[in-house]
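Enquirer: Pasting a structure here, questions to come.
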Amino acid sequence: EQANGQGFASYALPLTVEGQRLAEQWGQAVTRLSGRQWGRVVSSPIERCLDTAARMLGLPHADHIDTHHLLVEPGSLVLDISLVGGWFRQHGPLQFINAFLQQQLAGMKDPVQGVEDILYLLFCEYRALQAGQLGLAVSHDTLLAAVVGHLQGRRVLGWEDWPEMMEGLFLWFEPLPYDEIPEFAGCTVHWLWRGEQHRYQVSAWADPHSR
């Protein structure tokens, strides 16, 4: 639900009843169809994200779910929130992400760095999984749009590209987490979005974590 005409939802906005139902049903469907169980879980500390994670896992509360600041919007995309926070609230998430993809605003990270920071967090979670486990990371539509937009090589997104409620991106890395794990820069990222599978060689990036 949008808190204003720009599509901005405040941190105080709780998960809606529809969102609660979708989270519970999606969590059950993923484990049933994959034949796997949930392993590592990390979430934005915002309450509706924690509620989403708990309901996907079938838990009564989110007391023991790990949180990470990179999963908060605008989180990983910003170097100096004092320079971009007001612009974000004024113009809304769609224009903000387009400005991020086009490197238009001072105080924002380079798109490669911003998306890589998020993927590196997911890589660290992924390599801690055991065979037959799924990892879950719950964030905001803004960050998901940034990741997908950058991986697609997009510079402009429209609302038709924006993540729907409880829409998710499936990611995995090669080698598998229980094989010998190389450094992040040596991995291939596979990603599945809206029925289409893609891959990306991390070595093609300017990777600060490999230095």
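Identifiers for the structure tokens are assigned positionally: chains receive A, B, ... in sequence, residues are indexed from 1 per chain, and ligands are indexed from 1 in the order shown.
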Please provide as a list in words all residues within 7 Å of Val202 of chain A, with the sequence filter that same-chain residues fewer than 2 positions apart are discarded (counting only C-alpha atoms).
Expert: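 Result of the neighbour search: Ala185, Gly186, Cys187, Thr188, Val189, Tyr200, Ala204 and Trp205 of chain A.
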Enquirer: Excluding segment 116-122 of chain A and residues on its chain fewer than 4 positions from it, collect all residues at most 7 Å away from it, counting only C-alpha atoms, and give them as an NGL selection string.
Expert: :A and (70 or 76 or 112 or 126 or 184)
Enquirer: Taking the DSSP assignment computed from this structure's backbone, write out as number ranges by chain all residues of segment 4-78 of chain A that belong to helix (DSSP H, G or I).
Expert: A: 17-34, 47-57, 69-71, 75-77
Enquirer: List as a list in words the protein and nucleic acid residues near Pro60 of chain A, meaning an atom at most 10 Å away when only C-alpha atoms are counted, but skip any in the same chain fewer than 5 places from it.
Expert: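 Listed by chain and then number, they are Asp51, Ala54 and Arg55 of chain A.
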Enquirer: Which residues of segment 63-90 of chain A come within 12 Å of segment 139-145 of chain A, and for each one, what is the closest pair of atoms and their distance in Å to one decimal, counting only C-alpha atoms, sorted by chain and residue number, as JSON lines?
Expert:
{"residue": "A:Thr67", "atom": "CA", "partner": "A:Ser139", "partner_atom": "CA", "distance": 9.9}
{"residue": "A:His68", "atom": "CA", "partner": "A:Ser139", "partner_atom": "CA", "distance": 9.6}
{"residue": "A:His69", "atom": "CA", "partner": "A:Ser139", "partner_atom": "CA", "distance": 10.0}
{"residue": "A:Leu70", "atom": "CA", "partner": "A:Ser139", "partner_atom": "CA", "distance": 8.9}
{"residue": "A:Leu71", "atom": "CA", "partner": "A:Ser139", "partner_atom": "CA", "distance": 5.1}
{"residue": "A:Val72", "atom": "CA", "partner": "A:Ser139", "partner_atom": "CA", "distance": 6.5}
{"residue": "A:Glu73", "atom": "CA", "partner": "A:Leu143", "partner_atom": "CA", "distance": 6.3}
{"residue": "A:Pro74", "atom": "CA", "partner": "A:Leu143", "partner_atom": "CA", "distance": 6.9}
{"residue": "A:Gly75", "atom": "CA", "partner": "A:Leu143", "partner_atom": "CA", "distance": 8.0}
{"residue": "A:Ser76", "atom": "CA", "partner": "A:Leu143", "partner_atom": "CA", "distance": 8.1}
{"residue": "A:Leu77", "atom": "CA", "partner": "A:Leu143", "partner_atom": "CA", "distance": 8.0}
{"residue": "A:Val78", "atom": "CA", "partner": "A:Leu143", "partner_atom": "CA", "distance": 11.2}
{"residue": "A:Phe88", "atom": "CA", "partner": "A:Thr142", "partner_atom": "CA", "distance": 10.8}
Enquirer: For the atom pair atom CA of Pro93 of chain A and atom CA of Glu47 of chain A, what is the interatomic distance in Å to one decimal place?
Expert: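 Atom-to-atom, atom CA of Pro93 of chain A and atom CA of Glu47 of chain A are spaced 19.1 Å apart.
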Enquirer: Can you check which parts of segment 36-139 of chain A lie within 6 Å of segment 153-176 of chain A? Per residue, the shortest pair of atoms and distance in Å to one decimal, counting only C-alpha atoms, sorted by chain and number, as a Markdown table.
Expert:
| residue | atom | partner | partner_atom | distance |
| --- | --- | --- | --- | --- |
| A:Asn98 | CA | A:Val156 | CA | 5.3 |
| A:Leu101 | CA | A:Arg155 | CA | 5.1 |
| A:Gln102 | CA | A:Arg155 | CA | 5.7 |
Enquirer: When DSSP is applied to the backbone of this structure, which of segment 126-192 of chain A are assigned strand (DSSP E or B)? Write them out as JSON, numbers by chain.
Expert: {"A": [133, 134, 135, 136, 137, 138, 170, 171, 172, 173, 174, 188, 189, 190, 191, 192]}
Enquirer: Output N, CA and C atoms of each residue in that selection to a file, as a PDB file, in the first residue's frame.
Expert:
ATOM      1  N   GLN A 133      19.233 -27.084   1.821  1.00  0.00           N
ATOM      2  CA  GLN A 133      18.638 -25.934   2.492  1.00  0.00           C
ATOM      3  C   GLN A 133      18.433 -24.769   1.524  1.00  0.00           C
ATOM      4  N   LEU A 134      17.466 -23.933   1.870  1.00  0.00           N
ATOM      5  CA  LEU A 134      17.210 -22.685   1.168  1.00  0.00           C
ATOM      6  C   LEU A 134      17.549 -21.516   2.082  1.00  0.00           C
ATOM      7  N   GLY A 135      18.111 -20.472   1.515  1.00  0.00           N
ATOM      8  CA  GLY A 135      18.316 -19.238   2.257  1.00  0.00           C
ATOM      9  C   GLY A 135      17.209 -18.254   1.916  1.00  0.00           C
ATOM     10  N   LEU A 136      16.907 -17.377   2.853  1.00  0.00           N
ATOM     11  CA  LEU A 136      15.866 -16.372   2.650  1.00  0.00           C
ATOM     12  C   LEU A 136      16.386 -15.015   3.081  1.00  0.00           C
ATOM     13  N   ALA A 137      16.270 -14.020   2.208  1.00  0.00           N
ATOM     14  CA  ALA A 137      16.605 -12.638   2.541  1.00  0.00           C
ATOM     15  C   ALA A 137      15.394 -11.777   2.216  1.00  0.00           C
ATOM     16  N   VAL A 138      14.920 -11.036   3.198  1.00  0.00           N
ATOM     17  CA  VAL A 138      13.725 -10.204   3.025  1.00  0.00           C
ATOM     18  C   VAL A 138      14.139  -8.739   3.051  1.00  0.00           C
ATOM     19  N   PHE A 170      14.999 -15.311  -7.208  1.00  0.00           N
ATOM     20  CA  PHE A 170      15.747 -16.505  -6.807  1.00  0.00           C
ATOM     21  C   PHE A 170      17.191 -16.352  -7.283  1.00  0.00           C
ATOM     22  N   LEU A 171      18.116 -16.562  -6.364  1.00  0.00           N
ATOM     23  CA  LEU A 171      19.543 -16.436  -6.652  1.00  0.00           C
ATOM     24  C   LEU A 171      20.275 -17.678  -6.202  1.00  0.00           C
ATOM     25  N   TRP A 172      21.289 -18.079  -6.947  1.00  0.00           N
ATOM     26  CA  TRP A 172      22.226 -19.068  -6.433  1.00  0.00           C
ATOM     27  C   TRP A 172      23.579 -18.830  -7.072  1.00  0.00           C
ATOM     28  N   PHE A 173      24.582 -19.366  -6.425  1.00  0.00           N
ATOM     29  CA  PHE A 173      25.966 -19.148  -6.836  1.00  0.00           C
ATOM     30  C   PHE A 173      26.609 -20.482  -7.190  1.00  0.00           C
ATOM     31  N   GLU A 174      27.490 -20.467  -8.131  1.00  0.00           N
ATOM     32  CA  GLU A 174      28.321 -21.642  -8.416  1.00  0.00           C
ATOM     33  C   GLU A 174      29.762 -21.293  -8.089  1.00  0.00           C
ATOM     34  N   THR A 188      29.907 -17.488 -10.157  1.00  0.00           N
ATOM     35  CA  THR A 188      28.882 -17.135 -11.129  1.00  0.00           C
ATOM     36  C   THR A 188      27.563 -16.990 -10.384  1.00  0.00           C
ATOM     37  N   VAL A 189      26.884 -15.875 -10.585  1.00  0.00           N
ATOM     38  CA  VAL A 189      25.570 -15.645  -9.980  1.00  0.00           C
ATOM     39  C   VAL A 189      24.503 -16.056 -10.983  1.00  0.00           C
ATOM     40  N   HIS A 190      23.646 -16.959 -10.591  1.00  0.00           N
ATOM     41  CA  HIS A 190      22.473 -17.323 -11.392  1.00  0.00           C
ATOM     42  C   HIS A 190      21.257 -16.649 -10.763  1.00  0.00           C
ATOM     43  N   TRP A 191      20.410 -16.048 -11.584  1.00  0.00           N
ATOM     44  CA  TRP A 191      19.238 -15.381 -11.035  1.00  0.00           C
ATOM     45  C   TRP A 191      18.013 -15.652 -11.913  1.00  0.00           C
ATOM     46  N   LEU A 192      16.912 -15.847 -11.236  1.00  0.00           N
ATOM     47  CA  LEU A 192      15.644 -16.200 -11.867  1.00  0.00           C
ATOM     48  C   LEU A 192      14.620 -15.133 -11.499  1.00  0.00           C
TER      49      LEU A 192
END
Enquirer: Taking 2 positions as the minimum chain separation for residues in the same chain, which residues sit within 12 Å of segment 34-38 of chain A when counting only C-alpha atoms? Answer as a list in words.
Expert: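 Everything that qualifies: Trp26, Gly27, Gln28, Ala29, Val30, Thr31, Arg32, Arg40, Val41, Val42, Ala53, Ala54, Met56, Leu57, Gly58, Leu59, Tyr126, Leu129, Gln130, Ala131, Gly132, Gln133, Leu134, Gly135, Leu136 and Ala137 of chain A.
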Enquirer: For Leu105 of chain A, find every residue with an atom within 12 Å (counting only C-alpha atoms), except residues of its own chain fewer than 4 positions away, and show them as a compact mmCIF listing (two decimals) with all heavy atoms, in the first residue's frame.
Expert:
# COMPACT_ATOMS: atom_id res chain seq x y z
N LEU A 77 22.49 1.40 -1.21
CA LEU A 77 22.63 2.26 -2.38
C LEU A 77 23.19 3.63 -2.06
O LEU A 77 23.50 4.40 -2.96
CB LEU A 77 21.26 2.43 -3.06
CG LEU A 77 20.45 1.15 -3.32
CD1 LEU A 77 19.16 1.48 -4.04
CD2 LEU A 77 21.27 0.14 -4.10
N VAL A 78 23.34 3.95 -0.77
CA VAL A 78 23.63 5.31 -0.36
C VAL A 78 24.94 5.39 0.41
O VAL A 78 25.24 4.54 1.26
CB VAL A 78 22.48 5.86 0.52
CG1 VAL A 78 22.84 7.21 1.12
CG2 VAL A 78 21.22 5.99 -0.32
N LEU A 79 25.71 6.43 0.11
CA LEU A 79 26.92 6.73 0.87
C LEU A 79 26.66 7.80 1.93
O LEU A 79 27.21 7.76 3.02
CB LEU A 79 28.03 7.21 -0.07
CG LEU A 79 28.59 6.18 -1.04
CD1 LEU A 79 29.51 6.85 -2.05
CD2 LEU A 79 29.32 5.07 -0.29
N ASP A 80 25.82 8.78 1.60
CA ASP A 80 25.52 9.88 2.52
C ASP A 80 24.02 10.15 2.48
O ASP A 80 23.52 10.80 1.56
CB ASP A 80 26.31 11.12 2.12
CG ASP A 80 26.21 12.24 3.15
OD1 ASP A 80 25.29 12.21 3.98
OD2 ASP A 80 27.05 13.16 3.12
N ILE A 81 23.30 9.64 3.47
CA ILE A 81 21.83 9.77 3.48
C ILE A 81 21.40 11.22 3.61
O ILE A 81 20.32 11.61 3.15
CB ILE A 81 21.22 8.91 4.61
CG1 ILE A 81 19.70 8.81 4.46
CG2 ILE A 81 21.61 9.46 5.96
CD1 ILE A 81 19.24 8.11 3.21
N SER A 82 22.25 12.08 4.19
CA SER A 82 21.89 13.48 4.35
C SER A 82 21.77 14.18 3.00
O SER A 82 21.07 15.19 2.88
CB SER A 82 22.91 14.21 5.23
OG SER A 82 24.18 14.28 4.59
N LEU A 83 22.45 13.67 1.98
CA LEU A 83 22.41 14.27 0.66
C LEU A 83 21.24 13.78 -0.19
O LEU A 83 20.82 14.48 -1.11
CB LEU A 83 23.72 13.99 -0.10
CG LEU A 83 24.99 14.62 0.48
CD1 LEU A 83 26.21 14.19 -0.34
CD2 LEU A 83 24.88 16.14 0.51
N VAL A 84 20.74 12.58 0.09
CA VAL A 84 19.73 12.00 -0.80
C VAL A 84 18.42 11.66 -0.09
O VAL A 84 17.43 11.39 -0.76
CB VAL A 84 20.27 10.71 -1.48
CG1 VAL A 84 21.46 11.04 -2.35
CG2 VAL A 84 20.63 9.66 -0.45
N GLY A 85 18.39 11.69 1.23
CA GLY A 85 17.18 11.30 1.95
C GLY A 85 15.99 12.16 1.61
O GLY A 85 14.88 11.65 1.36
N GLY A 86 16.17 13.47 1.57
CA GLY A 86 15.06 14.36 1.24
C GLY A 86 14.57 14.17 -0.19
O GLY A 86 13.37 14.20 -0.46
N TRP A 87 15.53 13.97 -1.12
CA TRP A 87 15.17 13.73 -2.53
C TRP A 87 14.37 12.45 -2.65
O TRP A 87 13.38 12.39 -3.39
CB TRP A 87 16.45 13.65 -3.35
CG TRP A 87 16.25 13.84 -4.83
CD1 TRP A 87 16.40 14.98 -5.55
CD2 TRP A 87 15.85 12.84 -5.77
NE1 TRP A 87 16.13 14.76 -6.88
CE2 TRP A 87 15.78 13.45 -7.05
CE3 TRP A 87 15.53 11.48 -5.67
CZ2 TRP A 87 15.43 12.76 -8.20
CZ3 TRP A 87 15.17 10.78 -6.82
CH2 TRP A 87 15.12 11.42 -8.06
N PHE A 88 14.76 11.42 -1.92
CA PHE A 88 14.05 10.13 -1.94
C PHE A 88 12.61 10.31 -1.48
O PHE A 88 11.67 9.81 -2.11
CB PHE A 88 14.80 9.15 -1.04
CG PHE A 88 14.15 7.79 -0.91
CD1 PHE A 88 14.03 6.95 -2.00
CD2 PHE A 88 13.66 7.35 0.32
CE1 PHE A 88 13.45 5.70 -1.88
CE2 PHE A 88 13.08 6.10 0.44
CZ PHE A 88 12.97 5.27 -0.66
N GLN A 95 11.64 7.12 -9.19
CA GLN A 95 12.60 8.11 -9.68
C GLN A 95 13.94 7.97 -8.97
O GLN A 95 15.00 8.21 -9.56
CB GLN A 95 12.04 9.53 -9.49
CG GLN A 95 10.86 9.85 -10.39
CD GLN A 95 10.50 11.32 -10.36
OE1 GLN A 95 11.36 12.18 -10.51
NE2 GLN A 95 9.21 11.61 -10.16
N PHE A 96 13.90 7.58 -7.70
CA PHE A 96 15.14 7.38 -6.95
C PHE A 96 15.98 6.27 -7.57
O PHE A 96 17.18 6.42 -7.77
CB PHE A 96 14.80 7.04 -5.50
CG PHE A 96 16.00 6.76 -4.64
CD1 PHE A 96 16.72 7.79 -4.07
CD2 PHE A 96 16.40 5.46 -4.39
CE1 PHE A 96 17.83 7.54 -3.27
CE2 PHE A 96 17.51 5.19 -3.60
CZ PHE A 96 18.22 6.24 -3.04
N ILE A 97 15.35 5.13 -7.89
CA ILE A 97 16.10 4.02 -8.46
C ILE A 97 16.59 4.36 -9.87
O ILE A 97 17.71 3.99 -10.25
CB ILE A 97 15.23 2.74 -8.47
CG1 ILE A 97 15.01 2.26 -7.03
CG2 ILE A 97 15.88 1.64 -9.31
CD1 ILE A 97 16.31 2.03 -6.26
N ASN A 98 15.80 5.08 -10.64
CA ASN A 98 16.28 5.48 -11.95
C ASN A 98 17.48 6.43 -11.84
O ASN A 98 18.43 6.35 -12.63
CB ASN A 98 15.16 6.14 -12.75
CG ASN A 98 14.17 5.12 -13.30
OD1 ASN A 98 14.52 3.96 -13.52
ND2 ASN A 98 12.93 5.54 -13.51
N ALA A 99 17.45 7.32 -10.85
CA ALA A 99 18.60 8.19 -10.61
C ALA A 99 19.81 7.38 -10.18
O ALA A 99 20.95 7.68 -10.57
CB ALA A 99 18.25 9.23 -9.55
N PHE A 100 19.58 6.34 -9.38
CA PHE A 100 20.67 5.46 -8.96
C PHE A 100 21.28 4.74 -10.16
O PHE A 100 22.50 4.71 -10.34
CB PHE A 100 20.14 4.45 -7.94
CG PHE A 100 21.06 3.29 -7.67
CD1 PHE A 100 22.21 3.45 -6.91
CD2 PHE A 100 20.76 2.02 -8.17
CE1 PHE A 100 23.06 2.38 -6.66
CE2 PHE A 100 21.60 0.95 -7.92
CZ PHE A 100 22.75 1.13 -7.17
N LEU A 101 20.44 4.16 -11.01
CA LEU A 101 20.93 3.42 -12.17
C LEU A 101 21.67 4.31 -13.15
O LEU A 101 22.56 3.86 -13.87
CB LEU A 101 19.77 2.71 -12.87
CG LEU A 101 19.07 1.59 -12.07
CD1 LEU A 101 17.82 1.11 -12.81
CD2 LEU A 101 20.02 0.43 -11.81
N LYS A 109 25.90 5.48 -4.14
CA LYS A 109 26.95 4.60 -4.62
C LYS A 109 26.87 4.44 -6.14
O LYS A 109 25.82 4.64 -6.75
CB LYS A 109 26.83 3.22 -3.98
CG LYS A 109 27.13 3.18 -2.49
CD LYS A 109 27.02 1.75 -1.97
CE LYS A 109 27.28 1.68 -0.48
NZ LYS A 109 27.15 0.29 0.03
N ASP A 110 27.99 4.05 -6.71
CA ASP A 110 27.97 3.56 -8.08
C ASP A 110 27.08 2.33 -8.14
O ASP A 110 27.08 1.52 -7.21
CB ASP A 110 29.40 3.21 -8.49
CG ASP A 110 29.47 2.61 -9.88
OD1 ASP A 110 29.32 1.37 -9.97
OD2 ASP A 110 29.66 3.36 -10.84
N PRO A 111 26.27 2.15 -9.20
CA PRO A 111 25.36 1.00 -9.26
C PRO A 111 26.07 -0.35 -9.08
O PRO A 111 25.53 -1.24 -8.42
CB PRO A 111 24.73 1.11 -10.66
CG PRO A 111 24.79 2.56 -10.97
CD PRO A 111 26.06 3.06 -10.34
Enquirer: What separation in Å, quoted to one decimal, exists between atom CA of Ala146 of chain A and atom CA of Val115 of chain A?
Expert: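 Those two atoms sit 7.2 Å apart.
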Enquirer: Please report the interatomic distance between atom CA of Gln20 of chain A and atom CA of Cys49 of chain A in Å with one decimal.
Expert: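 A separation of 10.6 Å between them.
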